[in-house]
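Quick look at entry.cif (mmCIF, C-alpha atoms):
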data_model
loop_
_atom_site.label_atom_id
_atom_site.label_comp_id
_atom_site.auth_asym_id
_atom_site.auth_seq_id
_atom_site.Cartn_x
_atom_site.Cartn_y
_atom_site.Cartn_z
CA MET K 3 14.48 48.44 -192.59
CA LEU K 4 10.72 48.20 -192.66
CA LYS K 5 8.45 51.21 -192.48
CA TYR K 6 4.72 51.09 -191.88
CA THR K 7 2.13 53.67 -192.81
CA ASN K 8 -1.07 52.39 -191.23
CA HIS K 9 -2.91 49.32 -190.01
CA ASP K 10 -6.44 48.00 -189.87
CA ILE K 11 -8.44 45.01 -188.70
CA VAL K 12 -9.47 43.02 -191.79
CA PHE K 13 -11.53 39.89 -192.38
CA GLN K 14 -10.77 38.87 -195.97
CA GLU K 15 -6.99 38.57 -196.25
CA PHE K 16 -6.77 35.04 -194.78
CA PRO K 17 -9.56 32.46 -194.43
CA ASP K 18 -11.20 32.24 -191.01
CA GLU K 19 -8.93 34.92 -189.50
CA VAL K 20 -9.45 38.34 -187.94
CA THR K 21 -6.25 39.98 -189.05
CA LEU K 22 -4.29 43.00 -187.95
CA ALA K 23 -2.98 44.05 -191.38
CA ILE K 24 -0.01 46.42 -191.31
CA ASN K 25 0.77 48.26 -194.56
CA LEU K 26 4.48 48.58 -195.29
CA SER K 27 6.04 51.17 -197.56
CA LEU K 28 9.27 51.11 -199.64
CA CYS K 29 7.77 48.55 -202.05
CA PRO K 30 10.31 47.81 -204.80
CA ASN K 31 7.94 45.87 -207.09
CA ARG K 32 6.38 48.75 -209.06
CA CYS K 33 3.46 46.65 -210.35
CA PRO K 34 1.65 48.43 -213.22
CA GLY K 35 -1.80 49.51 -212.03
CA CYS K 36 -0.93 49.08 -208.35
CA HIS K 37 -3.89 50.09 -206.16
CA SER K 38 -1.51 51.26 -203.38
CA ALA K 39 1.20 53.02 -205.39
CA TRP K 40 1.85 55.41 -202.49
CA LEU K 41 3.38 52.43 -200.62
CA GLN K 42 6.26 52.53 -203.11
CA ASP K 43 7.47 55.74 -201.44
CA ASP K 44 9.68 56.17 -198.39
CA VAL K 45 6.83 57.08 -196.02
CA GLY K 46 5.72 56.11 -192.54
CA GLN K 47 7.65 55.17 -189.46
CA GLU K 48 9.98 52.30 -188.71
CA LEU K 49 8.40 48.99 -187.80
CA ASP K 50 10.60 47.32 -185.22
CA ALA K 51 9.96 44.52 -182.72
CA ALA K 52 8.80 46.88 -179.96
CA THR K 53 6.30 48.64 -182.23
CA LEU K 54 4.93 45.32 -183.53
CA ARG K 55 4.59 43.99 -179.96
CA SER K 56 2.75 47.15 -178.97
CA LEU K 57 0.32 46.89 -181.89
CA THR K 58 -0.43 43.22 -181.25
CA ALA K 59 -0.86 43.85 -177.52
CA HIS K 60 -3.30 46.68 -178.23
CA TYR K 61 -5.51 44.31 -180.26
CA ALA K 62 -5.01 41.22 -178.06
CA GLY K 63 -8.16 39.15 -177.88
CA ALA K 64 -9.63 40.88 -180.94
CA ILE K 65 -7.32 39.37 -183.58
CA THR K 66 -6.28 35.86 -184.54
CA CYS K 67 -3.59 36.83 -187.04
CA VAL K 68 -1.07 39.59 -187.72
CA ALA K 69 0.01 40.25 -191.30
CA LEU K 70 2.67 42.39 -192.89
CA MET K 71 1.39 43.72 -196.20
CA GLY K 72 4.56 44.26 -198.21
CA GLY K 73 8.11 44.30 -196.97
CA ASP K 74 9.67 42.99 -200.16
CA ASN K 75 12.50 45.47 -199.65
CA ASP K 76 13.58 43.56 -196.50
CA PRO K 77 12.17 40.01 -196.32
CA ALA K 78 14.69 38.97 -193.66
CA THR K 79 13.25 41.54 -191.25
CA VAL K 80 9.70 40.47 -192.15
CA ALA K 81 10.61 36.90 -191.17
CA ALA K 82 12.43 37.95 -187.99
CA LEU K 83 9.53 40.09 -186.74
CA LEU K 84 6.88 37.49 -187.49
CA LEU K 85 8.97 34.66 -186.04
CA ALA K 86 9.27 36.64 -182.81
CA ILE K 87 5.47 37.10 -182.72
CA ARG K 88 4.89 33.37 -183.32
CA GLN K 89 7.32 32.49 -180.53
CA GLU K 90 5.96 35.05 -178.07
CA HIS K 91 2.40 33.83 -178.58
CA GLY K 92 3.25 30.14 -178.78
CA GLY K 93 1.76 29.94 -182.28
CA ARG K 94 -1.68 31.00 -181.01
CA LEU K 95 -1.46 34.30 -182.93
CA ARG K 96 -1.01 33.35 -186.54
CA THR K 97 1.21 35.30 -188.92
CA GLY K 98 0.98 36.19 -192.59
CA TRP K 99 2.90 38.01 -195.27
CA TYR K 100 1.58 39.53 -198.50
CA SER K 101 4.48 39.66 -200.92
CA GLY K 102 4.45 40.92 -204.49
CA ARG K 103 7.36 38.64 -205.36
CA GLU K 104 7.04 35.87 -207.93
CA ALA K 105 8.90 33.42 -205.68
CA LEU K 106 10.06 33.07 -202.10
CA PRO K 107 13.19 35.05 -201.24
CA GLU K 108 16.52 33.34 -200.63
CA GLY K 109 16.76 32.26 -197.00
CA PHE K 110 12.97 32.01 -196.56
CA VAL K 111 12.13 30.92 -193.00
CA PRO K 112 8.85 28.93 -193.10
CA GLU K 113 8.72 28.72 -189.28
CA ALA K 114 7.91 32.45 -189.20
CA PHE K 115 4.69 32.19 -191.18
CA ASP K 116 1.29 30.58 -191.16
CA TYR K 117 0.31 32.23 -194.46
CA VAL K 118 2.20 33.66 -197.42
CA LYS K 119 0.69 35.36 -200.46
CA LEU K 120 2.99 35.49 -203.49
CA GLY K 121 2.59 37.24 -206.81
CA PRO K 122 2.69 40.71 -208.27
CA TRP K 123 -0.46 42.62 -209.08
CA ARG K 124 -1.52 41.98 -212.66
CA GLU K 125 -4.72 43.81 -213.48
CA ALA K 126 -5.69 41.36 -216.24
CA CYS K 127 -5.48 38.45 -213.76
CA GLY K 128 -7.27 40.09 -210.86
CA PRO K 129 -6.82 39.66 -207.10
CA LEU K 130 -6.79 36.45 -205.08
CA SER K 131 -10.58 36.37 -205.21
CA HIS K 132 -10.59 36.07 -209.02
CA PRO K 133 -10.51 32.57 -210.56
CA HIS K 134 -7.78 33.56 -213.05
CA THR K 135 -5.44 35.27 -210.58
CA ASN K 136 -1.69 34.86 -210.93
CA GLN K 137 -1.33 35.36 -207.16
CA ARG K 138 -1.20 32.37 -204.80
CA LEU K 139 -2.04 32.10 -201.12
CA TYR K 140 -0.27 29.39 -199.13
CA ARG K 141 -0.80 27.98 -195.66
CA ILE K 142 2.35 26.61 -194.02
CA ASP K 143 1.88 23.16 -192.50
CA HIS K 144 4.19 23.35 -189.48
CA THR K 145 4.11 19.59 -189.02
CA THR K 146 5.49 18.79 -192.47
CA GLY K 147 6.96 22.15 -193.48
CA ARG K 148 4.97 22.04 -196.72
CA MET K 149 3.31 25.05 -198.30
CA LEU K 150 -0.31 24.22 -199.12
CA ASP K 151 -1.94 26.26 -201.88
CA ILE K 152 -5.24 27.53 -200.44
CA THR K 153 -5.95 30.17 -203.09
CA VAL K 154 -9.25 28.52 -203.99
CA ARG K 155 -10.56 29.38 -200.49
CA MET K 156 -10.26 33.06 -201.38
CA GLN K 157 -12.09 32.90 -204.69
CA ARG K 158 -15.62 34.05 -205.17
CA ARG K 159 -18.07 31.62 -206.57
CA MET K 160 -18.73 32.82 -210.11
CA PRO K 161 -22.20 32.09 -211.60
#

Write the structure described by the file as structure tokens, please.
Amino acid sequence: MLKYTNHDIVFQEFPDEVTLAINLSLCPNRCPGCHSAWLQDDVGQELDAATLRSLTAHYAGAITCVALMGGDNDPATVAALLLAIRQEHGGRLRTGWYSGREALPEGFVPEAFDYVKLGPWREACGPLSHPHTNQRLYRIDHTTGRMLDITVRMQRRMP
């Protein structure tokens, strides 16, 4: 089961996207120094297909992407919800997942995603915007099924 605590419209999670980012709780990763440690708790309300449809409908025309931020406790449900959104919108509303996992979960369904961020938070490495980050951001090429590493698009130009 997925539970969400809040959501926001964000502009920096995926390149060239206006994203409805939905924060999920029940995070099992326990990254040292986590900036959202409260998302490790069992808080919020259930995120099901009807709730996700309602949220995306509310922001229709204002967003180009919907992202689930977390969900490592139930990656199969993450994939199922985002696959439904992709199908309902004919791929016009892109989908993304921020995962703290080191690698893709067993049974990963690439058709559900346009973007996937992988990697736990490591303070010494910094976020995606840092040139030495351990985290990777991928764009799924739905023609070939390949995952293209686009992390460099997120990184700040350092003087």

Closest-contact table, stretch 39-119 of chain K side, partner stretch 129-142 of chain K, 8 Å, counting only C-alpha atoms, as CSV:
residue,atom,partner,partner_atom,distance
K:Pro112,CA,K:Ile142,CA,7.0
K:Phe115,CA,K:Ile142,CA,6.7
K:Asp116,CA,K:Ile142,CA,5.0
K:Tyr117,CA,K:Arg141,CA,4.6
K:Val118,CA,K:Tyr140,CA,5.2
K:Lys119,CA,K:Leu139,CA,4.3

Output C-alpha atoms of each residue in that selection to a file, as a short mmCIF file (atom, residue, chain, number, x, y, z; two decimals), in the frame of the given file.
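Listed below is the output, result-v3.cif:
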data_model
loop_
_atom_site.label_atom_id
_atom_site.label_comp_id
_atom_site.auth_asym_id
_atom_site.auth_seq_id
_atom_site.Cartn_x
_atom_site.Cartn_y
_atom_site.Cartn_z
CA PRO K 112 8.85 28.93 -193.10
CA PHE K 115 4.69 32.19 -191.18
CA ASP K 116 1.29 30.58 -191.16
CA TYR K 117 0.31 32.23 -194.46
CA VAL K 118 2.20 33.66 -197.42
CA LYS K 119 0.69 35.36 -200.46
#

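When all atoms listed in the file are used to measure the gap to K:Gly98, the shortest distance among K:Val45, K:Asn25, K:His9, K:Glu15 belongs to K:Glu15.
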
Given the file shown, determine the residues that the PyMOL selection byres ((chain K and resi 74) around 10) selects; report them as number ranges by chain.
K: 4, 26-31, 71-73, 75-80, 99-103, 107

What do you get, as a ChimeraX atom specification, if you spell out every residue that the PyMOL selection byres ((chain K and resi 12) around 10) selects here?
/K:9-11,13-16,19-23,65,67-69

I need the residues from that last selection saved to file as an mmCIF file, in the coordinates of the input (with C-alpha atoms), if you can.
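Final file, result-v7.cif:
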data_model
loop_
_atom_site.group_PDB
_atom_site.id
_atom_site.type_symbol
_atom_site.label_atom_id
_atom_site.label_comp_id
_atom_site.auth_asym_id
_atom_site.auth_seq_id
_atom_site.Cartn_x
_atom_site.Cartn_y
_atom_site.Cartn_z
ATOM 1 C CA HIS K 9 -2.910 49.320 -190.010
ATOM 2 C CA ASP K 10 -6.440 48.000 -189.870
ATOM 3 C CA ILE K 11 -8.440 45.010 -188.700
ATOM 4 C CA PHE K 13 -11.530 39.890 -192.380
ATOM 5 C CA GLN K 14 -10.770 38.870 -195.970
ATOM 6 C CA GLU K 15 -6.990 38.570 -196.250
ATOM 7 C CA PHE K 16 -6.770 35.040 -194.780
ATOM 8 C CA GLU K 19 -8.930 34.920 -189.500
ATOM 9 C CA VAL K 20 -9.450 38.340 -187.940
ATOM 10 C CA THR K 21 -6.250 39.980 -189.050
ATOM 11 C CA LEU K 22 -4.290 43.000 -187.950
ATOM 12 C CA ALA K 23 -2.980 44.050 -191.380
ATOM 13 C CA ILE K 65 -7.320 39.370 -183.580
ATOM 14 C CA CYS K 67 -3.590 36.830 -187.040
ATOM 15 C CA VAL K 68 -1.070 39.590 -187.720
ATOM 16 C CA ALA K 69 0.010 40.250 -191.300
#

Any idea what the distance is between atom CA of K:Gln89 and atom CA of K:Ala62?
15.3 Å

So what do you get for atom CA of K:Asp50 versus atom CA of K:Leu95, distance-wise?
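These atoms are spaced 17.9 Å apart.
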
Have a look at K:Ile24, K:Met3, K:Leu150, K:Ala59 and name the one nearest to K:Asp44; count all atoms listed in the file.
K:Met3

Which is closer to K:Met156 than all the others in K:Leu54, K:Pro17, K:Gly109, K:Asn8, using only C-alpha atoms?
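Distance minimum relative to K:Met156 lands on K:Pro17.
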
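Among the candidates K:Phe110, K:Trp40, K:Tyr61, K:Tyr6, the one nearest to K:Gly147 when counting only C-alpha atoms is K:Phe110.
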
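Comparing K:Ala39, K:Leu57, K:Ala114, K:Leu106 by their smallest distance to K:Gly93, the closest is K:Ala114 (using all atoms listed in the file).
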
Would you fill out stretch 88-99 of chain K with all heavy atoms and return it as a compact mmCIF listing (two decimals), keeping the file's coordinate frame?
# COMPACT_ATOMS: atom_id res chain seq x y z
N ARG K 88 5.31 34.78 -183.45
CA ARG K 88 4.89 33.37 -183.32
C ARG K 88 5.44 32.77 -182.03
O ARG K 88 4.73 32.08 -181.31
CB ARG K 88 5.36 32.54 -184.52
CG ARG K 88 4.46 32.65 -185.73
CD ARG K 88 4.80 31.63 -186.81
NE ARG K 88 4.82 30.27 -186.34
CZ ARG K 88 3.74 29.53 -186.10
NH1 ARG K 88 2.55 30.03 -186.28
NH2 ARG K 88 3.86 28.27 -185.68
N GLN K 89 6.70 33.04 -181.74
CA GLN K 89 7.32 32.49 -180.53
C GLN K 89 6.72 33.09 -179.27
O GLN K 89 6.44 32.37 -178.30
CB GLN K 89 8.83 32.69 -180.59
CG GLN K 89 9.48 31.83 -181.66
CD GLN K 89 10.95 32.17 -181.87
OE1 GLN K 89 11.43 33.23 -181.53
NE2 GLN K 89 11.66 31.22 -182.48
N GLU K 90 6.51 34.38 -179.25
CA GLU K 90 5.96 35.05 -178.07
C GLU K 90 4.54 34.58 -177.75
O GLU K 90 4.15 34.55 -176.58
CB GLU K 90 5.96 36.57 -178.27
CG GLU K 90 7.34 37.18 -178.22
CD GLU K 90 7.35 38.65 -178.61
OE1 GLU K 90 6.28 39.31 -178.54
OE2 GLU K 90 8.41 39.13 -179.02
N HIS K 91 3.80 34.24 -178.78
CA HIS K 91 2.40 33.83 -178.58
C HIS K 91 2.23 32.32 -178.69
O HIS K 91 1.09 31.84 -178.74
CB HIS K 91 1.51 34.55 -179.59
CG HIS K 91 1.43 36.02 -179.35
ND1 HIS K 91 0.47 36.59 -178.55
CD2 HIS K 91 2.22 37.04 -179.77
CE1 HIS K 91 0.67 37.89 -178.49
NE2 HIS K 91 1.72 38.19 -179.23
N GLY K 92 3.32 31.59 -178.74
CA GLY K 92 3.25 30.14 -178.78
C GLY K 92 2.48 29.60 -179.98
O GLY K 92 1.87 28.54 -179.90
N GLY K 93 2.48 30.36 -181.09
CA GLY K 93 1.76 29.94 -182.28
C GLY K 93 0.27 30.21 -182.25
O GLY K 93 -0.44 29.94 -183.20
N ARG K 94 -0.25 30.73 -181.12
CA ARG K 94 -1.68 31.00 -181.01
C ARG K 94 -2.10 32.22 -181.84
O ARG K 94 -3.25 32.32 -182.25
CB ARG K 94 -2.08 31.19 -179.56
CG ARG K 94 -2.00 29.90 -178.75
CD ARG K 94 -2.37 30.11 -177.30
NE ARG K 94 -1.65 31.18 -176.64
CZ ARG K 94 -0.42 31.08 -176.15
NH1 ARG K 94 0.25 29.96 -176.25
NH2 ARG K 94 0.16 32.10 -175.55
N LEU K 95 -1.20 33.16 -182.05
CA LEU K 95 -1.46 34.30 -182.93
C LEU K 95 -0.77 33.97 -184.25
O LEU K 95 0.45 33.88 -184.32
CB LEU K 95 -0.91 35.59 -182.33
CG LEU K 95 -1.15 36.87 -183.13
CD1 LEU K 95 -2.65 37.13 -183.31
CD2 LEU K 95 -0.50 38.06 -182.44
N ARG K 96 -1.59 33.74 -185.26
CA ARG K 96 -1.01 33.35 -186.54
C ARG K 96 -0.41 34.54 -187.26
O ARG K 96 -0.73 35.69 -186.94
CB ARG K 96 -2.07 32.63 -187.38
CG ARG K 96 -2.30 31.21 -186.80
CD ARG K 96 -3.47 30.50 -187.37
NE ARG K 96 -4.77 31.05 -186.98
CZ ARG K 96 -5.32 30.91 -185.78
NH1 ARG K 96 -4.69 30.30 -184.81
NH2 ARG K 96 -6.51 31.42 -185.52
N THR K 97 0.48 34.25 -188.22
CA THR K 97 1.21 35.30 -188.92
C THR K 97 1.08 35.11 -190.43
O THR K 97 1.00 33.99 -190.93
CB THR K 97 2.70 35.27 -188.55
OG1 THR K 97 3.24 34.00 -188.88
CG2 THR K 97 2.90 35.56 -187.07
N GLY K 98 1.07 36.23 -191.13
CA GLY K 98 0.98 36.19 -192.59
C GLY K 98 1.79 37.28 -193.23
O GLY K 98 2.10 38.30 -192.61
N TRP K 99 2.11 37.04 -194.49
CA TRP K 99 2.90 38.01 -195.27
C TRP K 99 2.31 38.08 -196.67
O TRP K 99 2.15 37.05 -197.33
CB TRP K 99 4.35 37.56 -195.33
CG TRP K 99 5.26 38.47 -196.10
CD1 TRP K 99 5.18 39.82 -196.24
CD2 TRP K 99 6.44 38.08 -196.82
NE1 TRP K 99 6.22 40.31 -196.99
CE2 TRP K 99 7.00 39.25 -197.36
CE3 TRP K 99 7.07 36.86 -197.05
CZ2 TRP K 99 8.17 39.23 -198.13
CZ3 TRP K 99 8.22 36.85 -197.81
CH2 TRP K 99 8.77 38.02 -198.34
